[in-house]
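Peer 1: What follows is a structure written as structure tokens; I'll ask about it next.
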Amino acid sequence: MKGGTGGRNVSKAISRNDIELLAPAGNWDCLRAAVANGANAVYFGVEKFNARARAENFRVEELPEIMSFLHLYGVKGFLTFNILVFENEMDESRQLIEACIDAGVDAVIVQDLGLVKLIRDISPDFPIHGSTQMTITSPEAVEFTKPFGLERVVLGRENSLKEIRTIGDKAKLPMEVFVHGALCVSYSGQCLTSEMWGGRSANRGECAQACRLPYDLIVDGTKKEMGNVAYLLSPKDLAAIELVPELIEAGVTSFKIEGRLKSPEYVANVVSKYRAAIDRYFFSDHRSPDETELRELQQSFSRGFTPGFLLGTNNKTLLDGTFPKSRGVYLGTVKQVLKQAVLVELCAPLKRGDGIVFDAGDPTQQEEGGRVYDIIKRGRKVEGEVADGVYEIVMGRRDVDLRRVHAGDRVWKTNDPELDKRLRKSFETEKPYHTFPLSVHVSGRAGEALATTWVDRLANHAVTVHSAMPLEAAHKRPLVVALLHEQFSRLGGTVFELAPHDLTLQLEGEVIVPVSELNRMRREAVEQLTVLRQQPPRYQKRVIDPYADVPQPTKGKQPQLTALCRSLEQVEAAAQTDVDMLYADFEFVKQYPQAVQLAHRYGKRIALATMRIHMPDENGVLALIAKSKPDAILIRNTGALYYYLARQDEHPIPLIGDFSLNIANHKTVNLFLETGMERVTASYDLNIQQMMDLLAHTDPSRMEVVIHQHMPMFHTEHCVYCTFLSDGTDHTNCGTPCEQSRISLQDRVGFSHPVRVDTGCRNTVYNAIDQSGAEYLTEFIKYGVGSYRIEFLEEEADRVQEVISLYRQAMRGQVSGTHVWRTLNAINQLGVTRGQLTK
């Protein structure tokens with residue numbers, strides 16, 4: 001499905017000014033580091049409502065100061081509002097958006113489509129960027145956003161260069177792409193692991209990084225020996241610096257660096273390297289980054305580098321599997337452990353003072369490491385930096401227990417103090433980080449004030465300053481270019497500079513004015529131009545009530561019970577019960593026509609589920625779903641929604657929105673229902689109180705609640721089957737081990753979480769334990785919820801029928817939710833959990 005970039009040349013219309021280098025900032029030092037090292041824009045969060053809750057973050061009150069600082073240097077500032085917004089947070093969200101508008105924030109980066117709707121209610125022209133959390137991976141998904149006036153979209157990190165070009169060519173909206181930093185193994189916006197295991201939602205900025213934990217690989221019920229490979233879901237870090245030319249030629253306009261939790265040294269390092277790479281491209285310098293640049297990038301933070309999916313899917317290069325954390329630069333291996341030193345064969349530079357760690361292959365245990373005290377070659381201390389060769393490494397006193405270091409251990413350089421010092425110097429300075437060219441025109445005649453017009457050429461601002469006294473005829477030292485330039489170019493400490501050729505004169509006769517007056521005029525002009533640079537952009541702002549669009553509920557409808565099945569056997573079993581509707585969610589969509597025929601044979605309505613992700617070349621799958629003639633389609637992404645909406649006039653079919661659309665508030669509900677959906681499913685990020693808040697502000701008869709399921713935790717482009725059961729790299733050469741075996745990932749507690757594959761070869765890791773909301777059924781029924789869903793994973797036919805019967809009895813009031821809960825606990829080997837509803 002994936003491919004490389006091909007060979008298209010970039011349009012001559014693209015210039016260096018069209019490309020934005022976008023840097024992260026978790027605090028003021030990071031902000032300064034980004035500006036000092038050449039970022040065109042910076043993204044940052046405030047205390048609440050952003051996807052990096054663990055970052056230091058800024059305060060809302062600081063927004064005017066932040067934007068003033070950034071705009072002084074011509075840098076844009078984007079506020080991250082890239083989380084789901086709960087119903088009781090709507091008014092607080094309105095206040096933050098108003099603060100952004102007042103402060104002149106250049107855009108907000110948004111995940112929640114309900115928040116997009118709220119922003120457009122407040123302001124028709126305030127810029128919005130669609131976050132990667134929106135899971136936008138196809139032209140159709142981009143098209144879906146256009147009625148809401150998004151300025152740009154951040155594509156999923158799983159898109160290849162070929163797909164990026166296709167999206168750009170078809171959708172014609174500016175595209176932002178991650179080029180460096182940590183990779184989520186799961187699609188952004190589609191990871192529910194932290195939510196399931198700890199009530200810490202990744203969609204709320206509280207990711208607990210379950211992907212960085214060790215897992216055992218269970219194949220057909222048996223543990224597979226993997227040696228020291230235990231981190232089966234922990235990707236390397238993305239590094240696309242060598243692909244900068246291809247990214248520009250694919251149509252990427254914003255190069256985004258990940259790292260709001262990283263240090264200012266990291267920001268300075270990565271921004272400066274990508275700045276240089278982008279500039280080389282536009283100055284026709286075809287050199288690739290050299291080894292020193294790549295090593296310095298690794299030094300700031302690296303789990304090992306990968307191009308991710310930019311060159312297409314290669315499951316063998318995505319992760320290392322032996323460690324989950326930053327290692328830095330690989331130095332070499334231990335040859336021998338001496339009495340007071342370690343003999344190491346080096347393949348990268350090392351010097352005294354550097355920090356190193358000895359990797360024995362088990363990062364779950366405490367590792368030995370510390371500072372290099374001495375480097376010895378043939379009995380003599382070596383001064384300066386060494387590289388290739390065998391050296392004795394003497395560690396700082398009591399830094400390392402040499403008894404725990406062994407021949408064969410890998411050695412990594414974890415810290416380079418000299419590099420950090422150099423990086424800090426780039427932004428820890430009293431001097432301005434950058435200066436901008438001025439042009440000055442001077443005119444006048446004796447008896448009149450001297451007129452000076454100062455133009456900030458890049459910002460396109462102009463001010464005119466007159467002398468406070470008239471010009472006089474000069475008897476000596478009249479005003480000439482050299483004298484005026486000498487006074488007007490004294491711009492040290494400001495962000496401006498004046499070259500001699502940018503000063504022009506139009507004076508009549510030889511005239512003079514005191515030098516002190518020239519200096520005053522210069523200071524006044526600079527002050528005015530600085531104020532103009534720092535002025536916030538102006539946006540429209542309306543006073544609105546976030547709850548003015550809460551609909552009136554529809555009463556009197558009988559709630560229905562639906563069952564989602566993942567095999568034909570489950571469909572047939574469920575079809576023989578009194579369930580109201582079936583869903584089919586199969587690994588192979590080629591079985592969908594059989595599922596429809598089977599359901600109809602028993603007189604049941606059936607909806608077919610789309611894949612959770614929609615890529616540019618997957619419309620054939622959507623067409624096959626429609627061709628199967630289901631009674632409805634379960635929509636899991638906005639790309640599929642747009643595809644079917646565009647064909648509703650020709651082939652009308654009811655559409656149902658699923659949990660993966662991330663519906664957490666009434667505005668998101670309204671938005672999807674207004675597109676023509678029959679009903680929508682609430683997000684799995686909602687606990688019981690948040691669910692009740694949502695139901696109180698929507699028409700609950702058009703809401704579906706999933707009350708029984710195995711939570712789909714990770715949804716990932718990374719195929720565990722291909723990576724660990726095949727010699728291949730992707731679906732074209734893997735030999736389809738997923739059709740012969742069943743894999744699960746066993747966590748440290750001993751639970752085995754099933755891994756299943758979809759038609760696009762993407763993997764979903766499901767929670768090992770069933771989740772039931774049976775105890776909340778009474779409350780949901782009181783609210784008038786229109787539809788309740790049971791989801792099956794691997795259950796046999798008799799278990800499918802038993803579970804459906806239990807919930808049907810509870811809906812009729814024949815048994816209590818507690819009875820359902822206890823019965824499920826009794827019949828399930830691992831019991832059941834209440835899941836996220838209880839948090």
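Lettering and numbering for the structure tokens are positional, with chains as A, B, ... in the shown order, residues counted from 1 in each chain, and ligands counted from 1 in the shown order.
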With a distance cut-off of 10 Å and only C-alpha atoms, select the neighbouring residues of Gln558 (chain A), excluding the residue or stretch itself and same-chain residues fewer than 6 positions from it, and output the selection as a list in words.
Peer 2: Ser701, Ile781, Gly784, Val785, Gly786 and Ser787 of chain A
Peer 1: Can you write out the residues you just picked, keeping N, CA and C atoms, as a PDB file, in the first residue's frame?
Peer 2:
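Output file result-v7.pdb is given in full below:
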ATOM      1  N   SER A 701     -31.686   9.961  22.108  1.00  0.00           N
ATOM      2  CA  SER A 701     -32.265   8.915  21.258  1.00  0.00           C
ATOM      3  C   SER A 701     -31.399   8.667  20.020  1.00  0.00           C
ATOM      4  N   ILE A 781     -30.893   4.227  30.508  1.00  0.00           N
ATOM      5  CA  ILE A 781     -32.288   4.086  30.077  1.00  0.00           C
ATOM      6  C   ILE A 781     -33.116   5.285  30.533  1.00  0.00           C
ATOM      7  N   GLY A 784     -32.777   8.010  28.189  1.00  0.00           N
ATOM      8  CA  GLY A 784     -33.399   7.781  26.891  1.00  0.00           C
ATOM      9  C   GLY A 784     -32.416   7.475  25.781  1.00  0.00           C
ATOM     10  N   VAL A 785     -31.274   6.837  26.121  1.00  0.00           N
ATOM     11  CA  VAL A 785     -30.299   6.446  25.099  1.00  0.00           C
ATOM     12  C   VAL A 785     -30.977   5.559  24.063  1.00  0.00           C
ATOM     13  N   GLY A 786     -30.718   5.844  22.790  1.00  0.00           N
ATOM     14  CA  GLY A 786     -31.448   5.167  21.722  1.00  0.00           C
ATOM     15  C   GLY A 786     -30.916   3.816  21.334  1.00  0.00           C
ATOM     16  N   SER A 787     -29.607   3.567  21.602  1.00  0.00           N
ATOM     17  CA  SER A 787     -29.037   2.310  21.132  1.00  0.00           C
ATOM     18  C   SER A 787     -27.915   1.865  22.054  1.00  0.00           C
TER      19      SER A 787
END
Peer 1: As an exercise, work out the distance from CA of Phe78 (chain A) to CA of Met175 (chain A) in Å and give it to one decimal place.
Peer 2: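 According to the coordinates, CA of Phe78 (chain A) and CA of Met175 (chain A) are separated by 15.0 Å.
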Peer 1: Any idea what's packed within 7 Å of region 603-620 of chain A, counting only C-alpha atoms, ignoring anything in its chain fewer than 5 positions away? Could you give it as a count of residues only?
Peer 2: 22
Peer 1: May I have all residues of region 115-358 of chain A that DSSP, computed from the backbone, assigns to strand (DSSP E), given as a short mmCIF file (atom, residue, chain, number, x, y, z; two decimals) with C-alpha atoms, in the first residue's frame?
Peer 2:
data_model
loop_
_atom_site.label_atom_id
_atom_site.label_comp_id
_atom_site.auth_asym_id
_atom_site.auth_seq_id
_atom_site.Cartn_x
_atom_site.Cartn_y
_atom_site.Cartn_z
CA ILE A 128 -7.53 26.79 13.07
CA HIS A 129 -5.10 23.98 12.30
CA GLY A 130 -6.32 20.38 12.30
CA ARG A 152 -4.02 23.61 7.38
CA VAL A 153 -4.01 20.01 8.56
CA VAL A 154 -1.34 17.99 10.35
CA MET A 175 0.05 20.29 4.94
CA GLU A 176 2.04 20.04 8.14
CA VAL A 177 4.10 16.91 8.70
CA PHE A 178 6.13 15.66 11.65
CA VAL A 179 9.77 15.31 10.64
CA HIS A 180 11.59 14.64 13.91
CA GLY A 181 11.02 13.28 17.40
CA ASP A 216 6.08 -11.20 25.77
CA LEU A 217 4.97 -12.44 22.36
CA ILE A 218 2.38 -15.22 22.62
CA VAL A 219 1.88 -17.13 19.36
CA THR A 222 2.77 -20.37 23.38
CA LYS A 223 5.40 -17.84 24.43
CA ASP A 237 12.52 8.15 16.97
CA LEU A 238 11.58 9.80 13.70
CA ALA A 239 14.39 11.55 11.82
CA VAL A 252 4.88 19.76 2.65
CA THR A 253 4.76 23.40 3.76
CA SER A 254 5.33 23.00 7.50
CA PHE A 255 8.10 20.84 8.97
CA LYS A 256 7.07 19.96 12.51
CA ILE A 257 9.47 18.90 15.26
CA PHE A 305 16.49 6.90 14.23
CA THR A 306 13.99 5.77 11.62
CA VAL A 329 25.11 7.92 20.34
CA TYR A 330 26.31 4.35 19.95
CA LEU A 331 30.01 4.27 20.89
CA GLY A 332 30.99 0.62 20.50
CA THR A 333 31.34 -2.56 22.58
CA VAL A 334 33.20 -3.64 25.67
CA LYS A 335 36.20 -5.84 24.78
CA GLN A 336 37.44 -6.50 28.30
CA VAL A 337 36.82 -5.36 31.87
CA VAL A 342 36.97 -0.83 30.69
CA LEU A 343 38.55 -1.66 27.35
CA VAL A 344 36.18 -0.44 24.65
CA GLU A 345 36.37 -0.62 20.88
CA LEU A 346 35.07 2.79 19.80
CA GLY A 355 28.44 10.68 30.03
CA ILE A 356 28.22 7.02 29.00
CA VAL A 357 26.15 3.95 29.90
CA PHE A 358 26.96 0.26 29.62
#
Peer 1: Please provide the set of residues having any atom within 7 Å of region 477-479 of chain A, restricted to only C-alpha atoms, with same-chain residues fewer than 5 positions apart removed, written as a count of residues only.
Peer 2: 4
Peer 1: Tell me which protein, DNA and RNA residues are within 10 Å of region 757-762 of chain A, counting only C-alpha atoms, leaving out same-chain ones fewer than 2 positions away, and put them as a VMD selection string.
Peer 2: chain A and resid 1 186 585 to 590 610 to 615 618 621 715 to 722 730 to 731 736 738 to 739 742 755 764 to 765
Peer 1: Taking the DSSP secondary structure from the backbone, can you list the residues of region 13-75 of chain A that are helix (DSSP H, G or I), as number ranges by chain?
Peer 2: A: 16-18, 28-36, 60-72
Peer 1: Would you work out the distance separating CA of Val515 (chain A) from CA of Ser467 (chain A), expressed in Å to one decimal?
Peer 2: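 Taking CA of Val515 (chain A) as the start and CA of Ser467 (chain A) as the end point, the length is 10.9 Å.
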Peer 1: CA of Ala473 (chain A) and CA of Ala446 (chain A), how far apart in Å?
Peer 2: 5.8 Å
Peer 1: Please provide as a list in words all residues within 10 Å of Val229 (chain A), with the sequence filter that same-chain residues fewer than 4 positions apart are discarded (counting only C-alpha atoms).
Peer 2: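 Here the answer would be Pro214, Tyr215, Asp216, Leu217, Glu225, Asp320, Gly321, Thr322, Phe323, Gly361 and Asp362 of chain A.
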Peer 1: Given the selection you just returned, output its residues as a file containing C-alpha atoms, formatted as a CSV table (one decimal), in the first residue's frame.
Peer 2:
chain,number,residue,atom,x,y,z
A,214,PRO,CA,8.0,-4.8,27.8
A,215,TYR,CA,5.7,-7.5,26.4
A,216,ASP,CA,6.1,-11.2,25.8
A,217,LEU,CA,5.0,-12.4,22.4
A,225,GLU,CA,11.5,-16.8,22.7
A,320,ASP,CA,14.8,-1.9,17.8
A,321,GLY,CA,13.0,-3.9,20.6
A,322,THR,CA,15.8,-4.0,23.0
A,323,PHE,CA,15.3,-0.7,24.8
A,361,GLY,CA,20.7,-5.9,27.2
A,362,ASP,CA,18.2,-5.5,30.0
Peer 1: Can I get the residues of region 427-537 of chain A within 8 Å of region 54-74 of chain A, each with the closest pair of atoms and their distance in Å to one decimal, using only C-alpha atoms, sorted chain first then ascending number, as a tab-separated table?
Peer 2:
residue	atom	partner	partner_atom	distance
A:His434	CA	A:Tyr73	CA	7.0
A:Ala459	CA	A:Gly74	CA	7.5
A:Val495	CA	A:Tyr73	CA	7.5
A:Thr530	CA	A:Leu72	CA	6.8
A:Arg533	CA	A:Leu72	CA	5.3
A:Gln534	CA	A:Ser68	CA	4.8
A:Gln535	CA	A:Ser68	CA	7.1
A:Pro536	CA	A:Met67	CA	7.4
Peer 1: Name all residues at most 10 Å from Thr823 (chain A) (count only C-alpha atoms; drop same-chain ones fewer than 4 positions away) and give them as a VMD selection string.
Peer 2: chain A and resid 803 806 817 to 819 827 to 828 831 to 832
Peer 1: Between A:Ile544, A:Leu725, A:Val411, A:Leu655, which has the minimum distance to Arg94 (chain A) (counting only C-alpha atoms)?
Peer 2: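 Comparing A:Ile544, A:Leu725, A:Val411, A:Leu655 against Arg94 (chain A), the winner is A:Ile544.
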Peer 1: Pick the closest to Val550 (chain A) from A:Ala626, A:Leu694, A:Val35, A:Leu155: which is it, counting only C-alpha atoms?
Peer 2: A:Leu694
Peer 1: Closest to Glu92 (chain A) among A:Pro546, A:Gly259, A:Pro652, A:Gly384, using only C-alpha atoms?
Peer 2: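 Residue with the minimum atom-to-atom distance to Glu92 (chain A): A:Pro546.
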